Amino acid sequence: MALAFASCKKGTTNGVITDSGGVTGQTQSSDVSAVSSAQSTTEEKKDEKETTKESTTTPMPSTKAEEAIPISKDEALERLSEFYGSAYKVKEAEKKGDIQHYKVFDNAGNLYAKLEVNLKNSDVKETIEHSGEINQFNLLV
């Protein structure tokens with residue numbers, strides 16, 4: 001007898017459950033929508049976690065006018081080369097007003113970061129190429 005019921009095939013049509021024995025039952029739509037709602041809420045939370053990135057950098061305090069110490073583009077290049085070390089090469093790029101731009105390459109020749117150095121106050125804005133992360137620091141601190 002158990003084999004006869006086990007071989008019955010169940011199907012669902014518009015919320016009505018049927019089997020080959022002719023037994024029918026009504027599913028409750030609130031159960032279906034509760035499960036669907038729980039799944040979409042879980043997926044929304046998962047998406048939210050994946051897209052939210054916490055900043056790992058501490059913002060640099062702004063340099064006050066009376067505390068500003070100017071730096072030459074050559075001295076900035078020297079300090080940046082020391083900062084990045086032998087694993088990277090720092091090269092000068094264009095200069096726009098008081099902002100000198102630099103590019104940092106790894107030893108394989110891949111662009112690692114772009115830098116903007118304010119020559120009036122020695123502040124640096126570093127943009128990491130692969131992640132878009134922005135770091136700010138001062139070359140003379």
# chains A, B, ... in the order shown; residues from 1 in each chain; ligands from 1
$ residues_around --residues "Asn110 of chain A" --least-positions-apart "5" --cutoff "10 Å" --atoms "only C-alpha atoms" --output "ChimeraX atom specification"
/A:88,104-105,129
$ residues_around --residues "segment 112-128 of chain A" --least-positions-apart "3" --cutoff "10 Å" --atoms "only C-alpha atoms" --output "PyMOL selection string"
chain A and resi 60+62-73+75-77+80+88-106+109+131-141
